[in-house]
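**Student:** The following block contains the structure, expressed as structure tokens.
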Number of protein chains: 2
Amino acid sequence: MIDETHDPARRSWVAGADGHAEFPIQNLPFGVFCPADGAPRGGVAIGDHIFDVGAACAAGLFSGAARDAAEAVGEPTLNRFFGLGAGPRQALRRQLGALLDASAPARPELLHRAAECAMQLPAAVGDYTDFYAGIHHATNAGALFRPDNPLLPNYKWVPIGYHGRASSLLPSGVAVRRPNGQRNSQPGSPPAFGPSRRLDYELELGVWVGTGNELGSPVPISEAGGHIAGFCLLNDWSARDIQAWEYQPLGPFLAKNFASTLSCWVVTPEALAPFRAPAMTRAEGDPAPLPYLDDAADRAAGGLDVELSVSMRSAAMRAAGLPAQRLSVGNARYLYWSFAQMLAHHTAGGCNLRPGDLLGSGTISAPDPGGYGSLLELSAGGKTQITLPGGETRSFIEDGDEISFAAHARREGFATIGFGACSAVVLPSR
Amino acid sequence: MIDETHDPARRSWVAGADGHAEFPIQNLPFGVFCPADGAPRGGVAIGDHIFDVGAACAAGLFSGAARDAAEAVGEPTLNRFFGLGAGPRQALRRQLGALLDASAPARPELLHRAAECAMQLPAAVGDYTDFYAGIHHATNAGALFRPDNPLLPNYKWVPIGYHGRASSLLPSGVAVRRPNGQRNSQPGSPPAFGPSRRLDYELELGVWVGTGNELGSPVPISEAGGHIAGFCLLNDWSARDIQAWEYQPLGPFLAKNFASTLSCWVVTPEALAPFRAPAMTRAEGDPAPLPYLDDAADRAAGGLDVELSVSMRSAAMRAAGLPAQRLSVGNARYLYWSFAQMLAHHTAGGCNLRPGDLLGSGTISAPDPGGYGSLLELSAGGKTQITLPGGETRSFIEDGDEISFAAHARREGFATIGFGACSAVVLPSR
């Protein structure tokens, strides 16, 4: 629903918030921050500042359901806040908007400079599931692993997903170490153990689960959207050589569980309400979704029209003062399955989700190379190279490279909102 | 190390403990129990009773490292106890043995009747990983899914594993609901959504992770065994029709995440020390493990010589007062990879394990049908049927069937120890 919280004319008393590229007053994402001298607690990004929701709550600035939600946001993780569901979250969003509005009294004592705070993961993740809903990626990657059989027969029926590793989820900014593992470059010859030579990123959106469901009680597709607390960026780092050797028959394991990097701000479905648009992937003649995945309202609401970009900056580029190089620009509309479909499918057999669980979308690639969401695709499986400013070339990630994702929702007549940083430098293997 | 705690002549003052089929004084497994009128806390099984470790600690019965460990056992989950590692656990085992010894003063006020307590999962599981180390199962199942290619080329190099679902892990005794899901009985025709028609169990051992490791810091194979807090039984319920349709290319998902049943007692490596024996699966000509998986001490220690059995009791059998029917008897020695190899492999790329994480062994089948660990194998993929007492037949599990696993370690000159119940009734789908 588009309401006064999306009014592009709205201004904030927080200096620098109006027209901010990521966090104007129309966004108000939630996250967990730790000031230099304090304990971790939840807050809201506004411009280059963080509004201390717990402190504002203690000062008596919220009422009703918003007060209960603000109390939960003030905790060291947002799990309980997520579990409260959409109603309290929406009430809090409205009161936060009013408190931060230019017409309200300035409360600078409730602000922290974001640059002086360490961000943490917003929630303790019970289970992390990664989907595979980017059909162009599935087709491109499938063609490399299985040239004669790129898109498997189940793809347009089943929102394919698998379980990932929760313990190695990292907030943006934490360096990632190149994994060692078994690689088998020549079929029939013994594998070798050593540093991955084909380290890659995967550009994904993450979904934070809000209210959960009881074991054995599936979430109907018509209600699934209401179980989403918000969205983030997700880099599903992947060691392609380890993956190719280990993934049959049970799927990726060590190729992906060494680290996954998340942006730290939870962008709410409310903030994204103006940026829904039909997905751009369901082709004429594709099978209709089975009834448990089919919902008229979800179809009408559409996917997320969010621009996604990847950039790389090598150690040499940093040393030379060169800016990061943009590698691709895509869009979340290139997902085949909606987030509601993924969530409903996840629970269709009875599996229980808990507040703070994380779902990944799968790598999102556009149909054209300018919007490919992984180096595997950009380098055609390592066959071609990208040239960086300064003359270096890359087929895969080298030690010292920094990979950064960005996401922005733009629409004529609305303030642009962003997701914040999802970035990490790769360290040499041990 | 075999020491006085394994002395078969040792007796306990607890009535019924001596010669108990599962929990004589030589076992002393840890678990979390909840008496009718109390809060959940850790205890130790002794005969048909549970010794209240936290209460014993409060009474001043432990000293030194054992006291610290006993304090941790008294908490509502054993995660912190697991994280203390082998030293404090071994110290506690020795003092518990002395306290429960027939020569010690009886302390009946510290006992609870097990039948009057509800057992819970021993730990909050951060991540659950399922391996595939039962080579006879991998060969049998592979032959059904891929007749021309049963055992993939990576199998004898890589301890194949994948991430499972932590939220749906259940303690023994909780009923399991048959999942709905997509099934595709005829290639090329559209799938149908409905109750699984090929519901199966998988007979596995579970490993509780003790001390963890930092992200990016692999556990060397020589130290891996020291990170194991103990063992349990694990039923990795599997919907074969859902699995066959969804599992490519990223592995099983809804086919297995609707429930996994665990036995509730954590049988320690110390209790199992007399029951180590070489694995029975590595054939002449098999490749030597890569160095990061190869440890002379682990090879010499061998696998676990633990007898594993499965039984079934249908609703009709219960109504007629018929006892459960034994379906198979196997042994944990039929694993291709040791638990230390699984754990070292898991961390080889840098993935971090945390205290209370759970590893599954994969289905353990003997080479002969009498020891097959799943109905998929016992019924040759559904082609043959088992006849139950009373005349019913089964290829897969029917609603109302109760599946029970048992595990016992037996060796001449030692007291037999058991793992306790791992059992659940299957309810009809919703």
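Within each chain, counting starts at residue 1; across the structure tokens, chains are named A, B, ... in the order shown, with ligands numbered 1 upward in that order.
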Find the nearest atom pair between each residue of chain A and chain B for residues within 6 Å, count only C-alpha atoms, give distances in Å to one decimal, sort rows by chain and ascending number, and present the table as a tab-separated table.
**Tutor:**
```
residue	atom	partner	partner_atom	distance
A:Tyr162	CA	B:Phe253	CA	5.3
A:His163	CA	B:His163	CA	5.3
A:Gly164	CA	B:His163	CA	5.8
A:Pro179	CA	B:Gly349	CA	4.5
A:Asn180	CA	B:Gly349	CA	4.8
A:Gly181	CA	B:Gly349	CA	5.7
A:Leu250	CA	B:Gly251	CA	4.1
A:Gly251	CA	B:Leu250	CA	4.1
A:Phe253	CA	B:Tyr162	CA	5.3
A:Asn257	CA	B:Cys351	CA	5.8
A:Phe258	CA	B:Cys351	CA	4.5
A:Gly349	CA	B:Pro179	CA	4.5
A:Gly350	CA	B:Phe258	CA	5.3
A:Cys351	CA	B:Phe258	CA	4.5
```
**Student:** List the spatial neighbours of Arg318 (chain A) as number ranges by chain - criterion: any atom at most 10 Å away, only C-alpha atoms, same-chain residues fewer than 5 positions off excluded.
**Tutor:** A: 313, 323-324, 400-402
**Student:** Need to verify the contact set: region 30-33 of chain B, 9 Å, only C-alpha atoms, exclusion of same-chain residues closer than 6 positions in sequence. Can you return it as number ranges by chain?
**Tutor:** B: 39-45, 50, 73-78, 114, 117-123, 230, 264-268
**Student:** What's the 10 Å shell around Trp13 (chain B), counting only C-alpha atoms, without same-chain residues fewer than 5 positions away, as JSON, numbers by chain?
**Tutor:** {"B": [18, 25, 99, 100, 101, 102, 103, 104, 105, 106, 107, 108]}
**Student:** As a count of residues only, please: every residue in region 120-328 of chain B that DSSP puts in strand (DSSP E or B).
**Tutor:** 61
**Student:** Between B:Asp305, B:Glu4, B:Asp298, B:Asp236, single out the one closest to Ala277 (chain B), counting only C-alpha atoms.
**Tutor:** B:Asp305
**Student:** Here is a test: counting only C-alpha atoms, which residue of B:Ala320, B:Ala59, B:Val306, B:Ala366 is nearest to Arg276 (chain B)?
**Tutor:**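 Distance minimum relative to Arg276 (chain B) lands on B:Val306.
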**Student:** Enumerate the residues of region 10-158 of chain B with a DSSP assignment of alpha helix (DSSP H), computed from the backbone, and present them as a PyMOL selection string.
**Tutor:** chain B and resi 53-58+64-73+79-84+86-100+135-145
**Student:** Could you save those same residues with C-alpha atoms as a compact mmCIF listing (two decimals), in the first residue's frame?
**Tutor:**
```
# COMPACT_ATOMS: atom_id res chain seq x y z
CA VAL B 53 23.31 -33.32 37.56
CA GLY B 54 22.47 -29.70 38.29
CA ALA B 55 20.90 -30.59 41.63
CA ALA B 56 23.89 -32.76 42.47
CA CYS B 57 26.14 -29.85 41.62
CA ALA B 58 24.13 -27.52 43.83
CA GLY B 64 37.30 -29.02 39.93
CA ALA B 65 36.67 -29.22 36.19
CA ALA B 66 33.84 -31.70 36.82
CA ARG B 67 32.00 -29.07 38.87
CA ASP B 68 32.18 -26.55 36.03
CA ALA B 69 30.95 -29.18 33.62
CA ALA B 70 28.13 -30.25 35.95
CA GLU B 71 27.00 -26.64 36.24
CA ALA B 72 26.79 -26.44 32.45
CA VAL B 73 24.89 -29.75 32.27
CA ASN B 79 25.38 -26.27 24.20
CA ARG B 80 27.70 -24.70 26.77
CA PHE B 81 28.61 -28.12 28.20
CA PHE B 82 29.45 -29.35 24.69
CA GLY B 83 31.63 -26.28 24.17
CA LEU B 84 33.73 -27.07 27.25
CA ALA B 86 36.64 -33.36 26.26
CA GLY B 87 38.61 -32.61 29.43
CA PRO B 88 35.77 -31.33 31.64
CA ARG B 89 33.41 -33.95 30.16
CA GLN B 90 35.81 -36.75 31.05
CA ALA B 91 36.35 -35.36 34.54
CA LEU B 92 32.57 -35.23 35.04
CA ARG B 93 32.18 -38.79 33.76
CA ARG B 94 34.68 -40.06 36.31
CA GLN B 95 33.03 -38.24 39.22
CA LEU B 96 29.56 -39.30 38.07
CA GLY B 97 30.74 -42.89 37.96
CA ALA B 98 32.06 -42.60 41.51
CA LEU B 99 28.84 -40.95 42.77
CA LEU B 100 26.62 -43.61 41.22
CA ILE B 135 28.73 -46.61 0.98
CA HIS B 136 26.35 -49.54 0.62
CA HIS B 137 23.39 -47.17 0.88
CA ALA B 138 24.99 -44.73 -1.57
CA THR B 139 25.50 -47.58 -4.01
CA ASN B 140 22.00 -49.02 -3.56
CA ALA B 141 20.22 -45.67 -3.72
CA GLY B 142 22.42 -44.45 -6.55
CA ALA B 143 21.51 -47.54 -8.55
CA LEU B 144 17.82 -46.68 -8.26
CA PHE B 145 18.19 -43.00 -9.18
```
**Student:** Compare B:Gly321, B:Pro147, B:Pro389, B:Gly47 by their minimum atom-to-atom distance to Leu28 (chain B), counting only C-alpha atoms, and give me the closest one.
**Tutor:**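 Of all the options, B:Gly47 lies closest to Leu28 (chain B).
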**Student:** How many Å lie between CA of Ser172 (chain A) and CA of Arg10 (chain A), rounded to one decimal?
**Tutor:**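 CA of Ser172 (chain A) sits 29.5 Å away from CA of Arg10 (chain A).
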**Student:** Between CA of Val209 (chain A) and CA of Phe231 (chain A), what distance in Å does the model show, to one decimal?
**Tutor:**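 Taking CA of Val209 (chain A) as the start and CA of Phe231 (chain A) as the end point, the length is 9.2 Å.
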